[in-house]
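Asker: structure.cif (mmCIF, C-alpha atoms) pasted underneath:
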data_query
loop_
_atom_site.label_atom_id
_atom_site.label_comp_id
_atom_site.auth_asym_id
_atom_site.auth_seq_id
_atom_site.Cartn_x
_atom_site.Cartn_y
_atom_site.Cartn_z
CA MET U 1271 -22.16 -13.27 -10.17
CA THR U 1272 -21.25 -10.48 -7.78
CA THR U 1273 -23.68 -7.65 -7.25
CA VAL U 1274 -22.47 -4.18 -8.20
CA VAL U 1275 -23.31 -1.55 -5.62
CA SER U 1276 -25.55 1.16 -6.96
CA SER U 1277 -23.61 4.31 -7.73
CA SER U 1278 -26.50 6.59 -6.82
CA SER U 1279 -25.52 9.43 -4.52
CA PRO U 1280 -27.38 10.21 -1.32
CA ASN U 1281 -30.62 12.08 -2.08
CA THR U 1282 -29.84 15.73 -2.73
CA THR U 1283 -31.19 18.34 -5.10
CA GLN U 1284 -27.70 19.08 -6.36
CA GLU U 1285 -24.57 17.00 -5.92
CA SER U 1286 -21.86 18.53 -3.78
CA PRO U 1287 -18.16 18.04 -4.67
CA ILE U 1288 -17.78 15.30 -2.04
CA GLU U 1289 -20.88 13.49 -3.37
CA LYS U 1290 -19.47 13.64 -6.90
CA ARG U 1291 -16.18 12.31 -5.56
CA TYR U 1292 -17.94 9.42 -3.83
CA LYS U 1293 -19.94 8.62 -6.95
CA LYS U 1294 -16.69 8.44 -8.93
CA TRP U 1295 -15.16 6.32 -6.17
CA LEU U 1296 -18.13 3.91 -6.27
CA SER U 1297 -17.76 3.46 -10.02
CA ARG U 1298 -14.20 2.29 -9.47
CA TYR U 1299 -14.29 0.46 -6.15
CA GLY U 1300 -17.90 -0.29 -5.25
CA ASN U 1301 -17.76 -3.90 -6.34
CA HIS U 1302 -14.48 -4.49 -4.49
CA ARG U 1303 -16.12 -4.20 -1.08
CA PRO U 1304 -16.32 -7.22 1.22
CA SER U 1305 -19.44 -9.17 0.23
CA ASN U 1306 -21.03 -8.59 3.65
CA MET U 1307 -20.84 -4.81 3.11
CA ARG U 1308 -22.13 -4.45 -0.44
CA ASN U 1309 -25.77 -4.12 0.52
CA MET U 1310 -25.24 -1.84 3.50
CA ASN U 1311 -26.97 1.52 3.61
CA LEU U 1312 -25.30 3.72 1.02
CA LYS U 1313 -25.91 6.87 3.06
CA SER U 1314 -24.02 5.37 6.01
CA ARG U 1315 -21.18 4.36 3.71
CA PHE U 1316 -21.10 7.88 2.29
CA GLU U 1317 -20.77 9.39 5.77
CA ILE U 1318 -17.82 7.11 6.53
CA TYR U 1319 -16.24 7.97 3.18
CA LYS U 1320 -16.73 11.70 3.78
CA HIS U 1321 -15.12 11.44 7.23
CA ASN U 1322 -12.15 9.55 5.77
CA VAL U 1323 -11.71 12.04 2.93
CA GLN U 1324 -11.70 14.93 5.39
CA PHE U 1325 -9.03 13.10 7.38
CA ILE U 1326 -7.03 12.37 4.19
CA ASP U 1327 -7.13 15.96 2.97
CA LYS U 1328 -6.10 17.34 6.37
CA PHE U 1329 -3.27 14.80 6.75
CA ASN U 1330 -1.94 15.47 3.25
CA SER U 1331 -1.85 19.22 3.94
CA GLU U 1332 0.53 18.71 6.89
CA ASN U 1333 3.68 17.77 4.95
CA HIS U 1334 4.24 14.26 6.32
CA SER U 1335 6.73 11.80 4.83
CA PHE U 1336 3.87 9.89 3.17
CA THR U 1337 0.44 10.68 1.76
CA LEU U 1338 -2.98 9.09 2.02
CA ILE U 1339 -5.64 8.51 -0.65
CA ASP U 1340 -9.27 7.41 -0.94
CA ASN U 1341 -8.37 3.90 -2.08
CA GLN U 1342 -10.55 0.76 -2.10
CA PHE U 1343 -10.85 0.88 1.72
CA ALA U 1344 -12.03 4.49 1.92
CA ASP U 1345 -15.65 3.84 2.93
CA MET U 1346 -14.71 1.49 5.76
CA THR U 1347 -14.09 2.51 9.35
CA ASN U 1348 -10.72 1.52 10.73
CA GLU U 1349 -12.46 -0.99 13.00
CA GLU U 1350 -14.15 -2.62 9.99
CA PHE U 1351 -10.86 -2.70 8.12
CA LYS U 1352 -8.98 -4.31 11.00
CA GLY U 1353 -11.72 -6.87 11.60
CA THR U 1354 -11.78 -7.86 7.93
CA TYR U 1355 -8.20 -7.76 6.67
CA LEU U 1356 -5.80 -8.16 9.58
CA ASN U 1357 -4.17 -11.09 11.28
CA HIS U 1358 -6.42 -10.72 14.32
CA GLU U 1359 -5.54 -14.09 15.80
CA MET U 1360 -1.77 -14.43 15.76
CA THR U 1361 -1.78 -17.87 17.36
CA GLY U 1362 1.16 -19.28 19.25
CA ASN U 1363 4.23 -17.81 20.91
CA ARG U 1364 7.00 -16.69 18.60
CA THR U 1365 9.71 -17.61 21.11
CA GLN U 1366 8.62 -21.22 20.76
CA TYR U 1367 9.77 -21.13 17.13
CA CYS U 1368 12.68 -18.68 17.34
CA GLU U 1369 14.67 -19.59 20.39
CA GLU U 1370 18.33 -18.76 20.88
CA GLY U 1371 20.41 -21.58 19.41
CA ARG U 1372 17.36 -23.04 17.61
CA ASN U 1373 16.34 -21.43 14.33
CA MET U 1374 17.86 -18.11 15.45
CA ASN U 1375 20.46 -16.56 13.16
CA TYR U 1376 22.85 -14.01 14.63
CA ILE U 1377 25.26 -12.25 12.27
CA ASN U 1378 28.47 -10.78 13.66
CA THR U 1379 28.35 -7.62 11.57
CA SER U 1380 32.01 -6.82 12.34
CA GLN U 1381 33.05 -10.04 10.60
CA VAL U 1382 31.23 -9.55 7.28
CA PRO U 1383 31.60 -7.02 4.45
CA PRO U 1384 29.32 -3.99 4.60
CA PRO U 1385 25.98 -4.46 2.84
CA PRO U 1386 25.21 -2.67 -0.43
CA VAL U 1387 23.70 0.81 -0.21
CA SER U 1388 20.45 -0.51 -1.68
CA ILE U 1389 18.92 -3.72 -2.94
CA ASP U 1390 15.63 -4.50 -4.68
CA TRP U 1391 14.78 -8.16 -5.19
CA ARG U 1392 12.02 -7.14 -7.62
CA ASN U 1393 14.74 -6.38 -10.17
CA THR U 1394 16.17 -9.90 -10.04
CA GLY U 1395 13.10 -11.99 -10.88
CA ALA U 1396 12.73 -13.30 -7.31
CA VAL U 1397 9.50 -11.40 -6.61
CA GLY U 1398 6.23 -12.14 -8.39
CA PRO U 1399 3.23 -9.88 -9.01
CA VAL U 1400 1.40 -8.47 -6.00
CA LYS U 1401 -1.46 -10.76 -4.96
CA ASN U 1402 -4.68 -10.01 -3.11
CA GLN U 1403 -5.67 -11.81 0.09
CA SER U 1404 -9.18 -10.33 -0.23
CA THR U 1405 -11.38 -10.55 2.89
CA CYS U 1406 -9.51 -13.47 4.44
CA GLY U 1407 -7.00 -12.70 7.22
CA SER U 1408 -4.39 -14.85 5.49
CA CYS U 1409 -1.60 -12.28 5.27
CA TRP U 1410 0.65 -14.77 7.11
CA ALA U 1411 0.22 -17.25 4.24
CA PHE U 1412 0.94 -14.63 1.58
CA SER U 1413 4.07 -13.49 3.41
CA ALA U 1414 5.38 -17.02 3.88
CA VAL U 1415 4.57 -18.12 0.32
CA ALA U 1416 6.19 -15.02 -1.19
CA ALA U 1417 9.35 -15.72 0.83
CA VAL U 1418 9.44 -19.31 -0.47
CA GLU U 1419 8.82 -18.07 -4.03
CA GLY U 1420 11.85 -15.81 -3.66
CA LEU U 1421 14.08 -18.55 -2.23
CA THR U 1422 12.99 -20.99 -4.95
CA TYR U 1423 13.97 -18.50 -7.63
CA ILE U 1424 17.33 -17.80 -5.98
CA LYS U 1425 18.08 -21.53 -5.83
CA THR U 1426 16.76 -22.59 -9.24
CA GLY U 1427 16.56 -19.50 -11.43
CA GLN U 1428 12.88 -20.30 -12.06
CA PHE U 1429 10.01 -18.29 -10.62
CA LEU U 1430 6.94 -20.28 -9.56
CA SER U 1431 3.73 -18.79 -8.23
CA LEU U 1432 2.93 -20.95 -5.21
CA SER U 1433 -0.27 -21.67 -3.32
CA GLU U 1434 -1.46 -19.63 -0.34
CA GLN U 1435 -4.73 -21.58 -0.25
CA GLN U 1436 -2.80 -24.75 0.50
CA LEU U 1437 -1.58 -23.18 3.74
CA VAL U 1438 -5.04 -21.84 4.59
CA ASP U 1439 -6.61 -25.27 4.06
CA CYS U 1440 -3.91 -27.66 5.23
CA ASP U 1441 -1.75 -25.96 7.86
CA THR U 1442 -3.79 -26.80 10.95
CA THR U 1443 -1.18 -25.28 13.29
CA ASN U 1444 -2.30 -21.87 12.02
CA SER U 1445 -5.83 -20.50 11.88
CA GLY U 1446 -6.61 -19.95 8.21
CA CYS U 1447 -8.49 -16.70 7.62
CA ASN U 1448 -8.25 -15.88 11.34
CA GLY U 1449 -4.48 -15.49 11.27
CA GLY U 1450 -1.23 -17.32 11.80
CA LEU U 1451 2.54 -17.13 12.15
CA GLU U 1452 5.01 -17.41 9.31
CA PRO U 1453 7.48 -19.66 11.20
CA LYS U 1454 4.67 -22.19 11.70
CA ALA U 1455 3.87 -21.94 7.99
CA PHE U 1456 7.53 -22.59 7.14
CA GLU U 1457 7.44 -25.65 9.40
CA PHE U 1458 4.45 -26.95 7.44
CA ILE U 1459 6.18 -26.26 4.10
CA LYS U 1460 9.32 -28.05 5.29
CA LYS U 1461 7.25 -31.18 5.96
CA ASN U 1462 4.85 -31.01 3.01
CA GLY U 1463 6.20 -28.68 0.31
CA LEU U 1464 3.98 -26.37 -1.73
CA SER U 1465 1.97 -26.77 -4.91
CA THR U 1466 1.65 -24.06 -7.53
CA SER U 1467 -1.18 -21.54 -7.38
CA ASN U 1468 -2.45 -22.93 -10.70
CA ASP U 1469 -2.83 -26.40 -9.20
CA TYR U 1470 -4.21 -25.09 -5.89
CA PRO U 1471 -5.82 -21.66 -6.57
CA TYR U 1472 -6.63 -19.09 -3.94
CA MET U 1473 -10.28 -18.94 -2.82
CA ALA U 1474 -10.08 -16.44 0.09
CA LEU U 1475 -11.99 -18.94 2.26
CA ASP U 1476 -11.12 -21.29 5.06
CA GLY U 1477 -12.89 -24.45 6.16
CA LEU U 1478 -12.32 -26.05 2.75
CA LYS U 1479 -11.05 -29.61 2.44
CA CYS U 1480 -7.25 -29.90 2.22
CA LYS U 1481 -6.02 -31.24 -1.13
CA SER U 1482 -3.11 -33.45 -0.18
CA ASP U 1483 -2.56 -35.33 -3.43
CA LEU U 1484 -1.15 -32.54 -5.60
CA LYS U 1485 2.34 -32.33 -7.06
CA VAL U 1486 4.96 -30.64 -4.87
CA ALA U 1487 6.41 -27.75 -6.84
CA ALA U 1488 8.72 -26.24 -4.20
CA ALA U 1489 10.31 -27.40 -0.96
CA ILE U 1490 12.49 -25.87 1.76
CA ASP U 1491 14.95 -27.30 4.28
CA GLY U 1492 13.58 -25.29 7.19
CA TYR U 1493 13.59 -21.71 8.38
CA GLU U 1494 15.55 -19.28 10.49
CA CYS U 1495 14.60 -16.22 12.51
CA VAL U 1496 16.45 -12.92 12.54
CA GLU U 1497 17.83 -11.67 15.83
CA PRO U 1498 14.90 -9.51 17.03
CA ASN U 1499 14.88 -5.75 17.56
CA SER U 1500 17.83 -5.08 15.27
CA GLU U 1501 17.58 -3.38 11.90
CA ALA U 1502 21.28 -4.10 11.36
CA GLN U 1503 20.68 -7.85 11.63
CA LEU U 1504 17.62 -7.66 9.41
CA LEU U 1505 19.49 -5.64 6.78
CA TYR U 1506 22.17 -8.29 6.33
CA VAL U 1507 19.60 -11.05 5.86
CA VAL U 1508 17.66 -8.99 3.30
CA THR U 1509 20.85 -8.82 1.22
CA THR U 1510 20.53 -12.59 0.77
CA ARG U 1511 16.78 -13.01 0.12
CA PRO U 1512 13.30 -11.54 0.75
CA VAL U 1513 12.28 -11.83 4.42
CA SER U 1514 8.89 -12.31 6.08
CA VAL U 1515 8.07 -9.77 8.78
CA SER U 1516 5.06 -8.77 10.84
CA ILE U 1517 4.10 -5.19 11.62
CA GLU U 1518 1.51 -3.30 13.62
CA ILE U 1519 -1.14 -1.44 11.66
CA GLU U 1520 -2.35 1.48 13.73
CA PHE U 1521 -5.18 3.91 13.09
CA CYS U 1522 -6.12 4.36 9.42
CA PHE U 1523 -2.76 5.47 8.03
CA PHE U 1524 -1.87 2.03 6.65
CA GLN U 1525 -5.43 1.43 5.46
CA LEU U 1526 -5.40 4.59 3.31
CA TYR U 1527 -1.68 4.68 2.41
CA ASP U 1528 -0.88 6.15 -0.99
CA ARG U 1529 2.83 6.79 -1.41
CA GLY U 1530 5.95 8.01 0.38
CA ILE U 1531 7.96 6.70 3.33
CA TYR U 1532 5.58 5.36 5.96
CA SER U 1533 6.21 5.45 9.70
CA CYS U 1534 4.30 4.64 12.87
CA SER U 1535 3.63 7.07 15.70
CA LYS U 1536 5.72 5.34 18.36
CA CYS U 1537 8.87 3.31 18.97
CA GLY U 1538 9.26 0.32 21.26
CA SER U 1539 7.10 -2.79 21.51
CA HIS U 1540 4.17 -3.23 19.13
CA ASN U 1541 1.14 -5.49 18.93
CA ASN U 1542 1.86 -6.83 15.46
CA ASN U 1543 -1.23 -7.71 13.46
CA HIS U 1544 -0.22 -7.93 9.80
CA ALA U 1545 2.37 -9.96 7.87
CA VAL U 1546 4.22 -8.64 4.83
CA LEU U 1547 7.45 -9.31 2.91
CA ILE U 1548 10.58 -7.16 2.82
CA VAL U 1549 11.89 -7.26 -0.75
CA GLY U 1550 14.64 -4.68 -0.43
CA TYR U 1551 15.78 -1.37 1.00
CA GLY U 1552 17.09 1.97 -0.19
CA HIS U 1553 17.67 5.66 0.43
CA ASP U 1554 15.49 8.51 -0.78
CA LEU U 1555 17.73 11.31 -2.06
CA LEU U 1556 14.94 13.89 -2.03
CA THR U 1557 14.10 13.51 1.67
CA GLY U 1558 17.33 11.96 2.96
CA ARG U 1559 15.37 9.08 4.54
CA ASP U 1560 16.27 5.40 4.49
CA TYR U 1561 13.49 2.88 3.86
CA TRP U 1562 12.48 -0.75 3.58
CA ILE U 1563 10.56 -1.93 0.51
CA ILE U 1564 7.46 -3.81 1.68
CA LYS U 1565 5.37 -6.12 -0.50
CA ASN U 1566 1.78 -6.20 0.74
CA SER U 1567 -1.12 -8.50 -0.21
CA TYR U 1568 -3.93 -6.01 -0.90
CA GLY U 1569 -3.62 -6.03 -4.69
CA GLN U 1570 -1.91 -3.54 -6.98
CA THR U 1571 -4.34 -0.63 -6.39
CA TRP U 1572 -3.11 -0.18 -2.80
CA GLY U 1573 -0.04 1.93 -2.11
CA GLU U 1574 2.80 2.17 -4.60
CA GLY U 1575 1.54 -0.51 -6.97
CA GLY U 1576 0.89 -2.87 -4.05
CA TYR U 1577 4.11 -1.92 -2.25
CA MET U 1578 5.04 0.43 0.58
CA ARG U 1579 8.25 2.13 1.58
CA MET U 1580 8.66 2.03 5.37
CA MET U 1581 11.11 4.11 7.36
CA ARG U 1582 14.45 2.41 8.10
CA ASN U 1583 17.24 3.30 10.55
CA ALA U 1584 14.74 4.59 13.06
CA CYS U 1585 13.96 4.19 16.77
CA ASP U 1586 17.64 3.67 17.73
CA GLY U 1587 18.00 0.71 15.40
CA ILE U 1588 14.87 -1.13 16.58
CA GLY U 1589 12.88 0.05 13.60
CA VAL U 1590 9.31 1.31 13.27
CA CYS U 1591 5.94 -0.45 13.46
CA GLY U 1592 7.40 -3.59 15.07
CA ILE U 1593 9.18 -4.59 11.86
CA THR U 1594 12.13 -6.19 13.69
CA GLN U 1595 10.08 -8.11 16.27
CA MET U 1596 9.32 -11.24 14.23
CA PRO U 1597 11.44 -11.54 11.03
CA SER U 1598 11.87 -15.04 9.61
CA TYR U 1599 12.81 -16.65 6.31
CA PRO U 1600 12.96 -20.07 4.67
CA ILE U 1601 16.24 -21.88 3.99
#
Could you render the structure as structure tokens?
Answerer:
Amino acid sequence: MTTVVSSSSPNTTQESPIEKRYKKWLSRYGNHRPSNMRNMNLKSRFEIYKHNVQFIDKFNSENHSFTLIDNQFADMTNEEFKGTYLNHEMTGNRTQYCEEGRNMNYINTSQVPPPPVSIDWRNTGAVGPVKNQSTCGSCWAFSAVAAVEGLTYIKTGQFLSLSEQQLVDCDTTNSGCNGGLEPKAFEFIKKNGLSTSNDYPYMALDGLKCKSDLKVAAAIDGYECVEPNSEAQLLYVVTTRPVSVSIEIEFCFFQLYDRGIYSCSKCGSHNNNHAVLIVGYGHDLLTGRDYWIIKNSYGQTWGEGGYMRMMRNACDGIGVCGITQMPSYPI
């Protein structure tokens, strides 16, 4: 049984508004902390929370395109968050798996009809509920599995919740909770298929024995990569299916994201460290901004019900946050 963190406030004669806010936060999120943080000094946690709340309140007063909130990660430093939740060991070289003429898909946009103004694969049945990777850096597995779930539905009309733990345990070309690449995961799925999450449930641990004798519930023929650094290319592929992408999480904006159209602080090359799934795109009439719809793997209490809208048609067509650097999808 997990231990619930005490909701006692730091010792004061009278609780201040920020102490009351932290006490309320603890009652909701205290037991959702990483297990190695639950017994840490509550006063130290409070100081981190207070610093983050001050940052949140200041940021939200500045009229950005998105807002922040004291979510389940609000009493973690950004360094703690990155060390716990991100793909901090993206093993391998992407060009090895996405070379020109081999697994690379280039669309001549002048030869195809224009894409729809918006698309949302959540409305078709191809996207399942938001899952939670917990304190394992297995975002790559969640992104790849969600893409295969979407393709399986498109091909069969049946949605199956598939197993991320199978990739964490059995895909030895990737690094389990220490990170991985989606194209390598697709290569594993092509050779071995995937079991359902009921047959092979998620444990948020690596180093477990691979279960290789389970029924294959879904299979793919391979994978393709989107021509990099082109939102136009990525857009056309997203009209056909959900697409796995990697992004760079910088500072604490992503960590504390609440709602709105997210953007990064710079264009150009990024050091991508988190894998997500694009499940659609659209246009916000209120702000006039275009956006991608991102499915994350931090549970439904993060962001817009587990999703994020990320700025689209930005940085001269390269996109923000490195979103066009490593797109790939199963076939």
Asker: Which residues, named as in the file, does the PyMOL selection byres ((chain U and resi 1418) around 12) pick out? Answer as number ranges by chain.
Answerer: U: 1396-1398, 1411-1417, 1419-1426, 1429-1434, 1452-1453, 1455-1457, 1459-1460, 1463-1466, 1487-1493, 1511-1514, 1547, 1598-1601
Asker: Which distance in Å separates atom CA of U:Ser1314 and atom CA of U:Phe1521, to one decimal?
Answerer: 20.2 Å
Asker: Please report the interatomic distance between atom CA of U:Trp1562 and atom CA of U:Ile1548 in Å with one decimal.
Answerer: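 For atom CA of U:Trp1562 relative to atom CA of U:Ile1548, the distance reads 6.7 Å.
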Asker: Might you spell out which residues the PyMOL selection byres ((chain U and resi 1451) around 12) would select in the displayed file, as a PyMOL selection string?
Answerer: chain U and resi 1357-1368+1407-1414+1437-1438+1441-1450+1452-1458+1514-1516+1542-1546+1596-1599
Asker: Evaluating the PyMOL selection byres ((chain U and resi 1340-1345) around 6) on the displayed file yields which residues, as an NGL selection string?
Answerer: :U and (1299 or 1315 or 1318-1319 or 1339 or 1346)
Asker: Of the candidates U:Val1508, U:Met1581, U:Val1590, U:Ile1563, which shows the shortest atom-to-atom distance to U:Val1496, using all atoms listed in the file?
Answerer: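 When distances to U:Val1496 are compared using all atoms listed in the file, the smallest one comes from U:Val1508.
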Asker: Can you measure atom CA of U:Pro1385 to atom CA of U:Glu1497 for me? One decimal in Å is fine.
Answerer: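 These atoms are spaced 16.9 Å apart.
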Asker: List as number ranges by chain the protein and nucleic acid residues near U:Met1473, meaning an atom at most 10 Å away when only C-alpha atoms are counted, but skip any in the same chain fewer than 2 places from it.
Answerer: U: 1403-1404, 1406, 1434-1435, 1438, 1470-1471, 1475-1476, 1478
Asker: Using only C-alpha atoms for the distances, tell me which of U:Asn1566, U:Ser1388, U:Ser1331, U:Gln1428 is nearest to U:Arg1582.
Answerer: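 The closest residue to U:Arg1582 is U:Ser1388.
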Asker: Just checking: using all atoms listed in the file, which residue out of U:Thr1509, U:Asn1301, U:Asn1499, U:Asn1378 ends up closest to U:Thr1594?
Answerer: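 Closest to U:Thr1594 of all the choices is U:Asn1499.
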Asker: Need to verify the contact set: U:Met1578, 8 Å, all atoms listed in the file, exclusion of same-chain residues closer than 5 positions in sequence. Can you return it as a PyMOL selection string?
Answerer: chain U and resi 1529-1532+1563-1566+1573
Asker: Using all atoms listed in the file, which of U:Asn1541, U:Phe1523, U:Ser1380, U:Tyr1561 sits nearest U:Glu1501?
Answerer: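 Among the listed residues, U:Tyr1561 lies closest to U:Glu1501.
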Asker: Ranking U:Gln1436, U:Gln1525, U:Asn1393, U:Ser1567 by minimum distance to U:Val1549 and counting all atoms listed in the file, which one comes first?
Answerer: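 When distances to U:Val1549 are compared using all atoms listed in the file, the smallest one comes from U:Asn1393.
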Asker: With all atoms of stretch 1508-1527 of chain U from the file as input, state the centre and edge lengths in Å to one decimal of the axis-aligned box that has 4 Å extra on each side, as lines of an AutoDock Vina configuration file.
Answerer:
center_x = 7.4
center_y = -3.8
center_z = 6.9
size_x = 35.0
size_y = 26.5
size_z = 21.6
Asker: Taking the partial coordinates given, rebuild stretch 1559-1568 of chain U to contain all heavy atoms; return it as an mmCIF file, keeping the file's coordinate frame.
Answerer:
data_model
loop_
_atom_site.group_PDB
_atom_site.id
_atom_site.type_symbol
_atom_site.label_atom_id
_atom_site.label_comp_id
_atom_site.auth_asym_id
_atom_site.auth_seq_id
_atom_site.Cartn_x
_atom_site.Cartn_y
_atom_site.Cartn_z
ATOM 1 N N ARG U 1559 15.819 10.155 3.652
ATOM 2 C CA ARG U 1559 15.370 9.080 4.540
ATOM 3 C C ARG U 1559 15.723 7.716 3.957
ATOM 4 O O ARG U 1559 15.629 7.481 2.742
ATOM 5 C CB ARG U 1559 13.853 9.161 4.758
ATOM 6 C CG ARG U 1559 13.405 10.394 5.543
ATOM 7 C CD ARG U 1559 11.909 10.343 5.792
ATOM 8 N NE ARG U 1559 11.452 11.409 6.669
ATOM 9 C CZ ARG U 1559 10.944 12.556 6.247
ATOM 10 N NH1 ARG U 1559 10.802 12.777 4.949
ATOM 11 N NH2 ARG U 1559 10.562 13.484 7.118
ATOM 12 N N ASP U 1560 16.082 6.801 4.857
ATOM 13 C CA ASP U 1560 16.270 5.400 4.490
ATOM 14 C C ASP U 1560 14.950 4.671 4.614
ATOM 15 O O ASP U 1560 14.098 5.033 5.428
ATOM 16 C CB ASP U 1560 17.306 4.737 5.398
ATOM 17 C CG ASP U 1560 18.688 5.356 5.263
ATOM 18 O OD1 ASP U 1560 19.023 5.819 4.155
ATOM 19 O OD2 ASP U 1560 19.420 5.393 6.264
ATOM 20 N N TYR U 1561 14.770 3.590 3.831
ATOM 21 C CA TYR U 1561 13.490 2.880 3.860
ATOM 22 C C TYR U 1561 13.660 1.399 3.543
ATOM 23 O O TYR U 1561 14.644 0.978 2.926
ATOM 24 C CB TYR U 1561 12.504 3.514 2.867
ATOM 25 C CG TYR U 1561 12.983 3.526 1.426
ATOM 26 C CD1 TYR U 1561 12.835 2.417 0.593
ATOM 27 C CD2 TYR U 1561 13.594 4.661 0.892
ATOM 28 C CE1 TYR U 1561 13.282 2.433 -0.716
ATOM 29 C CE2 TYR U 1561 14.037 4.691 -0.418
ATOM 30 C CZ TYR U 1561 13.882 3.570 -1.221
ATOM 31 O OH TYR U 1561 14.338 3.584 -2.517
ATOM 32 N N TRP U 1562 12.686 0.630 4.000
ATOM 33 C CA TRP U 1562 12.480 -0.750 3.580
ATOM 34 C C TRP U 1562 11.466 -0.769 2.445
ATOM 35 O O TRP U 1562 10.562 0.069 2.419
ATOM 36 C CB TRP U 1562 11.939 -1.610 4.727
ATOM 37 C CG TRP U 1562 12.786 -1.697 5.948
ATOM 38 C CD1 TRP U 1562 12.573 -1.071 7.146
ATOM 39 C CD2 TRP U 1562 13.971 -2.475 6.108
ATOM 40 N NE1 TRP U 1562 13.559 -1.401 8.040
ATOM 41 C CE2 TRP U 1562 14.442 -2.266 7.438
ATOM 42 C CE3 TRP U 1562 14.695 -3.328 5.267
ATOM 43 C CZ2 TRP U 1562 15.591 -2.878 7.925
ATOM 44 C CZ3 TRP U 1562 15.845 -3.936 5.759
ATOM 45 C CH2 TRP U 1562 16.276 -3.715 7.067
ATOM 46 N N ILE U 1563 11.576 -1.737 1.546
ATOM 47 C CA ILE U 1563 10.560 -1.930 0.510
ATOM 48 C C ILE U 1563 9.688 -3.107 0.938
ATOM 49 O O ILE U 1563 10.181 -4.231 1.104
ATOM 50 C CB ILE U 1563 11.191 -2.225 -0.869
ATOM 51 C CG1 ILE U 1563 12.189 -1.130 -1.247
ATOM 52 C CG2 ILE U 1563 10.098 -2.341 -1.931
ATOM 53 C CD1 ILE U 1563 13.031 -1.477 -2.474
ATOM 54 N N ILE U 1564 8.400 -2.842 1.142
ATOM 55 C CA ILE U 1564 7.460 -3.810 1.680
ATOM 56 C C ILE U 1564 6.501 -4.279 0.582
ATOM 57 O O ILE U 1564 5.852 -3.452 -0.065
ATOM 58 C CB ILE U 1564 6.640 -3.190 2.831
ATOM 59 C CG1 ILE U 1564 7.557 -2.668 3.941
ATOM 60 C CG2 ILE U 1564 5.613 -4.185 3.370
ATOM 61 C CD1 ILE U 1564 8.328 -3.736 4.662
ATOM 62 N N LYS U 1565 6.394 -5.571 0.384
ATOM 63 C CA LYS U 1565 5.370 -6.120 -0.500
ATOM 64 C C LYS U 1565 4.155 -6.500 0.342
ATOM 65 O O LYS U 1565 4.249 -7.312 1.260
ATOM 66 C CB LYS U 1565 5.886 -7.362 -1.235
ATOM 67 C CG LYS U 1565 4.872 -7.939 -2.230
ATOM 68 C CD LYS U 1565 5.395 -9.215 -2.892
ATOM 69 C CE LYS U 1565 4.411 -9.716 -3.948
ATOM 70 N NZ LYS U 1565 4.849 -11.013 -4.544
ATOM 71 N N ASN U 1566 3.015 -5.921 0.018
ATOM 72 C CA ASN U 1566 1.780 -6.200 0.740
ATOM 73 C C ASN U 1566 0.929 -7.180 -0.067
ATOM 74 O O ASN U 1566 1.303 -7.604 -1.160
ATOM 75 C CB ASN U 1566 1.025 -4.884 0.989
ATOM 76 C CG ASN U 1566 -0.001 -5.003 2.094
ATOM 77 O OD1 ASN U 1566 -0.032 -5.962 2.854
ATOM 78 N ND2 ASN U 1566 -0.884 -4.021 2.194
ATOM 79 N N SER U 1567 -0.240 -7.532 0.471
ATOM 80 C CA SER U 1567 -1.120 -8.500 -0.210
ATOM 81 C C SER U 1567 -2.538 -7.945 -0.326
ATOM 82 O O SER U 1567 -3.515 -8.652 -0.091
ATOM 83 C CB SER U 1567 -1.130 -9.833 0.562
ATOM 84 O OG SER U 1567 -1.377 -9.649 1.946
ATOM 85 N N TYR U 1568 -2.636 -6.661 -0.703
ATOM 86 C CA TYR U 1568 -3.930 -6.010 -0.900
ATOM 87 C C TYR U 1568 -4.189 -5.683 -2.373
ATOM 88 O O TYR U 1568 -5.047 -4.862 -2.685
ATOM 89 C CB TYR U 1568 -4.005 -4.702 -0.099
ATOM 90 C CG TYR U 1568 -4.025 -4.868 1.401
ATOM 91 C CD1 TYR U 1568 -3.739 -3.804 2.238
ATOM 92 C CD2 TYR U 1568 -4.348 -6.091 2.001
ATOM 93 C CE1 TYR U 1568 -3.764 -3.935 3.621
ATOM 94 C CE2 TYR U 1568 -4.364 -6.235 3.376
ATOM 95 C CZ TYR U 1568 -4.072 -5.154 4.180
ATOM 96 O OH TYR U 1568 -4.093 -5.282 5.555
#
